[in-house]
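Trainee: Structure file coords.txt, compact mmCIF, C-alpha atoms, is pasted below:
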# COMPACT_ATOMS: atom_id res chain seq x y z
CA MET O 266 -40.15 -31.42 -12.91
CA ASN O 267 -41.47 -30.82 -9.39
CA LYS O 268 -41.60 -33.06 -6.35
CA ILE O 269 -45.12 -33.45 -5.00
CA GLY O 270 -45.51 -34.97 -1.55
CA VAL O 271 -48.68 -36.74 -0.43
CA PHE O 272 -49.54 -37.37 3.21
CA GLY O 273 -52.90 -39.02 3.72
CA GLY O 274 -54.73 -40.33 6.77
CA THR O 275 -57.80 -39.98 8.91
CA PHE O 276 -56.32 -37.10 10.95
CA ASN O 277 -58.83 -37.86 13.67
CA PRO O 278 -57.78 -35.44 15.06
CA VAL O 279 -54.75 -33.94 13.33
CA HIS O 280 -52.02 -33.68 15.98
CA LYS O 281 -48.48 -32.46 16.47
CA GLY O 282 -47.07 -35.80 15.38
CA HIS O 283 -48.68 -35.28 11.97
CA GLU O 284 -47.36 -31.76 11.81
CA ILE O 285 -43.79 -32.67 12.77
CA ILE O 286 -43.63 -35.55 10.31
CA SER O 287 -45.04 -33.36 7.53
CA VAL O 288 -42.28 -30.78 7.96
CA GLU O 289 -39.61 -33.51 8.11
CA PHE O 290 -41.07 -35.07 4.95
CA TYR O 291 -41.06 -31.72 3.16
CA ASN O 292 -37.48 -30.94 4.11
CA LYS O 293 -35.99 -34.42 3.63
CA PHE O 294 -37.09 -34.70 0.00
CA ASN O 295 -36.96 -31.00 -0.89
CA LEU O 296 -40.59 -31.04 -1.92
CA ASP O 297 -42.07 -28.32 -4.09
CA LYS O 298 -45.55 -28.96 -2.71
CA LEU O 299 -47.03 -31.13 0.03
CA LEU O 300 -50.64 -32.27 -0.11
CA ILE O 301 -52.32 -33.19 3.18
CA ILE O 302 -55.23 -35.46 2.24
CA PRO O 303 -57.80 -36.49 4.87
CA SER O 304 -59.55 -39.71 3.92
CA ASN O 305 -63.29 -40.06 3.57
CA ILE O 306 -63.65 -43.65 4.79
CA PRO O 307 -60.27 -45.31 5.45
CA PRO O 308 -60.18 -48.93 4.16
CA HIS O 309 -57.98 -50.22 6.99
CA LYS O 310 -59.67 -48.33 9.84
CA PRO O 311 -63.32 -47.72 8.89
CA GLY O 312 -64.24 -47.03 12.52
CA ASP O 313 -61.99 -43.97 12.47
CA ALA O 314 -64.41 -42.18 10.15
CA ASN O 315 -66.99 -41.61 12.90
CA ILE O 316 -66.36 -37.86 12.79
CA LEU O 317 -67.69 -35.93 9.83
CA PRO O 318 -65.00 -35.88 7.12
CA GLU O 319 -65.59 -32.14 6.76
CA SER O 320 -64.62 -31.64 10.41
CA ARG O 321 -61.37 -33.54 9.96
CA LEU O 322 -60.70 -31.56 6.80
CA GLU O 323 -61.30 -28.28 8.60
CA MET O 324 -59.01 -29.28 11.49
CA CYS O 325 -56.25 -29.98 8.96
CA LYS O 326 -56.78 -26.58 7.33
CA ILE O 327 -56.60 -24.92 10.74
CA CYS O 328 -53.45 -26.83 11.72
CA PHE O 329 -51.52 -26.30 8.48
CA GLY O 330 -52.86 -22.85 7.66
CA LYS O 331 -49.96 -21.15 9.39
CA TYR O 332 -47.54 -22.49 6.78
CA LYS O 333 -49.09 -20.22 4.14
CA ASN O 334 -47.16 -17.37 5.73
CA LEU O 335 -43.86 -19.23 5.64
CA ASN O 336 -42.00 -18.79 2.37
CA ASN O 337 -40.14 -22.07 2.64
CA TYR O 338 -43.27 -24.23 2.65
CA ASN O 339 -45.99 -24.90 0.11
CA ILE O 340 -48.42 -27.06 2.07
CA GLU O 341 -51.97 -27.51 0.85
CA VAL O 342 -54.86 -29.42 2.43
CA SER O 343 -56.78 -31.28 -0.27
CA ASP O 344 -60.39 -32.56 -0.24
CA ILE O 345 -59.81 -34.92 -3.18
CA GLU O 346 -60.75 -38.04 -1.17
CA ILE O 347 -63.63 -36.47 0.73
CA LYS O 348 -65.22 -35.16 -2.48
CA LYS O 349 -65.02 -38.64 -4.00
CA ASP O 350 -67.13 -40.23 -1.26
CA GLY O 351 -66.96 -43.93 -0.41
CA VAL O 352 -63.86 -45.78 0.73
CA SER O 353 -60.61 -43.88 0.16
CA TYR O 354 -58.12 -46.12 -1.62
CA THR O 355 -54.62 -44.72 -1.99
CA PHE O 356 -54.36 -46.25 -5.46
CA ASP O 357 -57.31 -44.18 -6.68
CA THR O 358 -55.92 -41.00 -5.14
CA ILE O 359 -52.42 -41.39 -6.57
CA LYS O 360 -53.87 -42.30 -9.97
CA ALA O 361 -55.93 -39.09 -9.93
CA LEU O 362 -52.91 -37.04 -8.85
CA ARG O 363 -50.80 -38.56 -11.63
CA GLU O 364 -53.28 -37.03 -14.07
CA ILE O 365 -53.02 -33.64 -12.35
CA TYR O 366 -49.22 -33.77 -12.11
CA PRO O 367 -48.22 -35.94 -15.12
CA GLU O 368 -44.64 -34.67 -15.37
CA ASP O 369 -43.84 -34.53 -11.66
CA ILE O 370 -42.48 -37.01 -9.14
CA ILE O 371 -44.98 -38.01 -6.46
CA TYR O 372 -43.68 -38.99 -3.03
CA PHE O 373 -46.20 -40.84 -0.89
CA LEU O 374 -45.62 -40.89 2.87
CA ALA O 375 -46.62 -44.08 4.66
CA GLY O 376 -46.24 -45.01 8.31
CA SER O 377 -44.15 -48.11 8.95
CA ASP O 378 -47.13 -49.87 10.53
CA MET O 379 -49.08 -49.59 7.27
CA PHE O 380 -46.05 -50.20 5.04
CA LEU O 381 -45.47 -53.59 6.64
CA TYR O 382 -48.97 -54.65 5.54
CA LEU O 383 -48.60 -53.29 2.03
CA GLU O 384 -49.70 -56.57 0.44
CA TYR O 385 -53.20 -55.97 1.77
CA TRP O 386 -53.52 -52.55 0.11
CA HIS O 387 -55.83 -52.14 -2.88
CA ARG O 388 -53.81 -52.71 -6.10
CA TYR O 389 -50.58 -52.15 -4.23
CA THR O 390 -48.17 -53.22 -6.99
CA GLU O 391 -49.69 -50.71 -9.39
CA LEU O 392 -49.57 -48.09 -6.64
CA LEU O 393 -45.86 -48.73 -6.05
CA GLY O 394 -45.23 -48.20 -9.74
CA MET O 395 -46.80 -44.74 -9.72
CA CYS O 396 -44.88 -43.05 -6.92
CA VAL O 397 -41.92 -43.06 -4.59
CA PHE O 398 -42.83 -44.58 -1.24
CA ALA O 399 -41.38 -42.72 1.75
CA VAL O 400 -41.65 -44.68 4.99
CA ALA O 401 -41.91 -42.96 8.37
CA LEU O 402 -41.19 -44.97 11.50
CA ARG O 403 -44.11 -45.32 13.89
CA ASN O 404 -42.26 -47.60 16.29
CA ASP O 405 -38.51 -48.10 16.70
CA SER O 406 -39.11 -51.86 16.73
CA ASP O 407 -40.34 -51.70 13.11
CA ILE O 408 -36.96 -50.80 11.62
CA THR O 409 -35.63 -54.33 11.02
CA GLN O 410 -38.79 -55.45 9.22
CA VAL O 411 -38.99 -52.20 7.26
CA LEU O 412 -35.40 -52.53 6.01
CA LYS O 413 -35.99 -56.15 4.97
CA LYS O 414 -39.20 -55.29 3.12
CA ARG O 415 -37.58 -52.24 1.50
CA GLU O 416 -34.73 -54.38 0.16
CA ILE O 417 -37.16 -56.87 -1.37
CA LEU O 418 -39.25 -54.16 -3.04
CA ILE O 419 -36.20 -52.29 -4.36
CA SER O 420 -34.98 -55.56 -5.91
CA ARG O 421 -38.27 -55.64 -7.80
CA GLY O 422 -37.66 -52.18 -9.22
CA TYR O 423 -39.80 -50.10 -6.85
CA LYS O 424 -38.64 -46.86 -5.27
CA ILE O 425 -38.71 -47.01 -1.49
CA GLU O 426 -37.15 -44.30 0.68
CA LEU O 427 -36.84 -43.96 4.44
CA LEU O 428 -37.76 -40.68 6.11
CA GLY O 429 -35.22 -41.31 8.85
CA ASN O 430 -37.44 -39.76 11.50
CA ASN O 431 -37.53 -40.41 15.21
CA ALA O 432 -40.47 -42.72 15.85
CA PHE O 433 -43.58 -40.85 16.94
CA GLU O 434 -46.07 -42.66 19.12
CA ILE O 435 -48.78 -40.10 19.70
CA SER O 436 -52.08 -41.97 19.69
CA SER O 437 -55.16 -40.32 18.19
CA THR O 438 -57.26 -42.80 20.16
CA GLU O 439 -55.74 -41.60 23.45
CA ILE O 440 -56.29 -37.98 22.45
CA ARG O 441 -59.95 -38.67 21.70
CA GLU O 442 -60.34 -40.41 25.06
CA LYS O 443 -58.88 -37.41 26.88
CA ILE O 444 -61.36 -35.12 25.13
CA LYS O 445 -64.32 -37.41 25.92
CA ASN O 446 -63.27 -37.43 29.57
CA GLY O 447 -62.93 -33.65 29.65
CA ASP O 448 -59.18 -33.87 30.23
CA PHE O 449 -58.04 -30.79 28.32
CA ASP O 450 -55.09 -29.95 30.59
CA ASN O 451 -52.50 -31.93 28.61
CA LEU O 452 -53.96 -31.40 25.15
CA PRO O 453 -51.52 -28.55 24.27
CA ASP O 454 -48.79 -31.22 24.32
CA TYR O 455 -50.55 -33.01 21.44
CA LEU O 456 -52.70 -30.50 19.55
CA SER O 457 -52.20 -26.97 18.27
CA PRO O 458 -54.18 -24.30 20.20
CA GLU O 459 -56.32 -23.52 17.13
CA VAL O 460 -57.36 -27.17 16.76
CA ILE O 461 -58.18 -27.40 20.48
CA ASN O 462 -60.42 -24.33 20.17
CA TYR O 463 -62.19 -25.80 17.15
CA ILE O 464 -62.85 -29.07 19.03
CA LYS O 465 -64.14 -27.22 22.09
CA GLU O 466 -66.38 -24.87 20.13
CA ARG O 467 -68.05 -27.69 18.18
CA LYS O 468 -67.94 -30.24 21.00
CA ILE O 469 -66.27 -32.77 18.71
CA TYR O 470 -65.64 -36.20 20.29
CA VAL O 471 -67.37 -35.19 23.51
CA LEU O 472 -70.65 -36.99 22.87
CA GLN O 473 -69.24 -40.21 21.41
Here is a file; write its structure as structure tokens.
Mentor:
Amino acid sequence: MNKIGVFGGTFNPVHKGHEIISVEFYNKFNLDKLLIIPSNIPPHKPGDANILPESRLEMCKICFGKYKNLNNYNIEVSDIEIKKDGVSYTFDTIKALREIYPEDIIYFLAGSDMFLYLEYWHRYTELLGMCVFAVALRNDSDITQVLKKREILISRGYKIELLGNNAFEISSTEIREKIKNGDFDNLPDYLSPEVINYIKERKIYVLQ
């Protein structure tokens, strides 16, 4: 029985916060494989899909490609949501992955900001029954609410784990604004050099 991690999102663009949290997720739960899954159209943030899904997918492949050469990590970028088209519901994705990995444990990584609004997710109770939810802090102020919600869900028989990470507050919106304004000087603090080159070469975000 393997442990399969799932980290989904718009990755618009994929940044160092995503990369750091992915590695922490992998190590914390001793994952056998981690799937990075860019969404096609995110249900909670449809406006974040204004970049071609294929571009976000490619940026993820560029960012996480280096881990192929590291023996301790098995990180794969998946196009399962992009190939499906339409709105990307986590329930549908986890259901499909359960068919691919029927004997394995699936850990789904959710940011605390999204976890606190779990009741608004598509078929969320069924989703909770199919995987272990791992919650990553987005803001330190979320911790009290997260712990309270976790206790309630555990009492209902669901499996909720905490990543125990330091809150990361890198904003994709701010990164996109810097790119639009031609402010590339500080981008190495947020993006890997390969992703910056990809954005520059294809003039992504510049004309929005």
Trainee: Would you mind reading off the distance between atom CA of Lys468 of chain O and atom CA of Leu300 of chain O, one decimal, in Å?
Mentor: 27.4 Å
Trainee: To one decimal place in Å, what is the distance between atom CA of Asp448 of chain O and atom CA of Ile461 of chain O?
Mentor: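 Distance reported for this atom pair: 11.7 Å.
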Trainee: Nearest residue to Asn305 of chain O out of O:Met266, O:Ile425, O:Leu317, O:Ile435, using all atoms listed in the file?
Mentor: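 Residue with the minimum atom-to-atom distance to Asn305 of chain O: O:Leu317.
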Trainee: Write out, as CSV, each residue of segment 372-406 of chain O that has an atom at most 10 Å from segment 352-358 of chain O, together with the closest pair of atoms and their distance in Å to one decimal, counting only C-alpha atoms, rows going by chain and rising number.
Mentor:
residue,atom,partner,partner_atom,distance
O:Phe373,CA,O:Thr355,CA,9.3
O:Trp386,CA,O:Tyr354,CA,8.1
O:His387,CA,O:Tyr354,CA,6.6
O:Arg388,CA,O:Phe356,CA,6.5
O:Tyr389,CA,O:Phe356,CA,7.1
O:Thr390,CA,O:Phe356,CA,9.4
O:Glu391,CA,O:Phe356,CA,7.6
O:Leu392,CA,O:Phe356,CA,5.3
O:Leu393,CA,O:Phe356,CA,8.9
O:Met395,CA,O:Phe356,CA,8.8
Trainee: Suppose you want the space between atom CA of His280 of chain O and atom CA of Pro303 of chain O; what is it in Å?
Mentor: 12.8 Å
Trainee: Point out the residue among O:Ile419, O:Ile440, O:Phe290, O:Pro307 with the least atom-to-atom distance to Thr275 of chain O, counting only C-alpha atoms.
Mentor: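 Answer, going by the shortest atom-to-atom distance: O:Pro307.
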Trainee: Out of O:Val397, O:Gly270, O:Ile345, O:Ile302, which residue has the shortest atom-to-atom distance to Leu418 of chain O when counting all atoms listed in the file?
Mentor: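 Closest to Leu418 of chain O, using all atoms listed in the file: O:Val397.
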Trainee: Using only C-alpha atoms, which of the listed residues (O:Ile347, O:Ile340, O:Ala375, O:Ile306) sits closest to Lys326 of chain O?
Mentor: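 Checking each candidate against Lys326 of chain O, we get O:Ile340 as the closest.
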Trainee: Neighbours of Tyr291 of chain O within 12 Å (all atoms listed in the file; same-chain residues fewer than 6 positions away dropped), as a ChimeraX atom specification?
Mentor: /O:268-272,284-285,297-301,332,337-341,372-374,399,428
Trainee: Output, as lines of an AutoDock Vina configuration file, the centre and edge lengths in Å (one decimal) of the axis-aligned box that contains all listed atoms of segment 397-416 of chain O with 3 Å of margin on each side.
Mentor:
center_x = -39.4
center_y = -49.4
center_z = 6.1
size_x = 15.4
size_y = 19.4
size_z = 27.3
Trainee: Between O:Leu456, O:Ile408, O:Leu427, O:Leu296, which is the closest to His283 of chain O once you count only C-alpha atoms?
Mentor: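 Closest candidate: O:Leu456.
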Trainee: Using all atoms listed in the file, which residues sit within 7 Å of Arg403 of chain O once same-chain residues fewer than 4 positions away are excluded, as a list of chain:residue names?
Mentor: O:Gly376, O:Ser377, O:Asp378, O:Ala432, O:Phe433, O:Glu434
Trainee: Can you work out which one of O:Asn292, O:Asn430, O:Ser287, O:Gln410 has the shortest atom-to-atom distance to Cys325 of chain O, counting all atoms listed in the file?
Mentor: O:Ser287
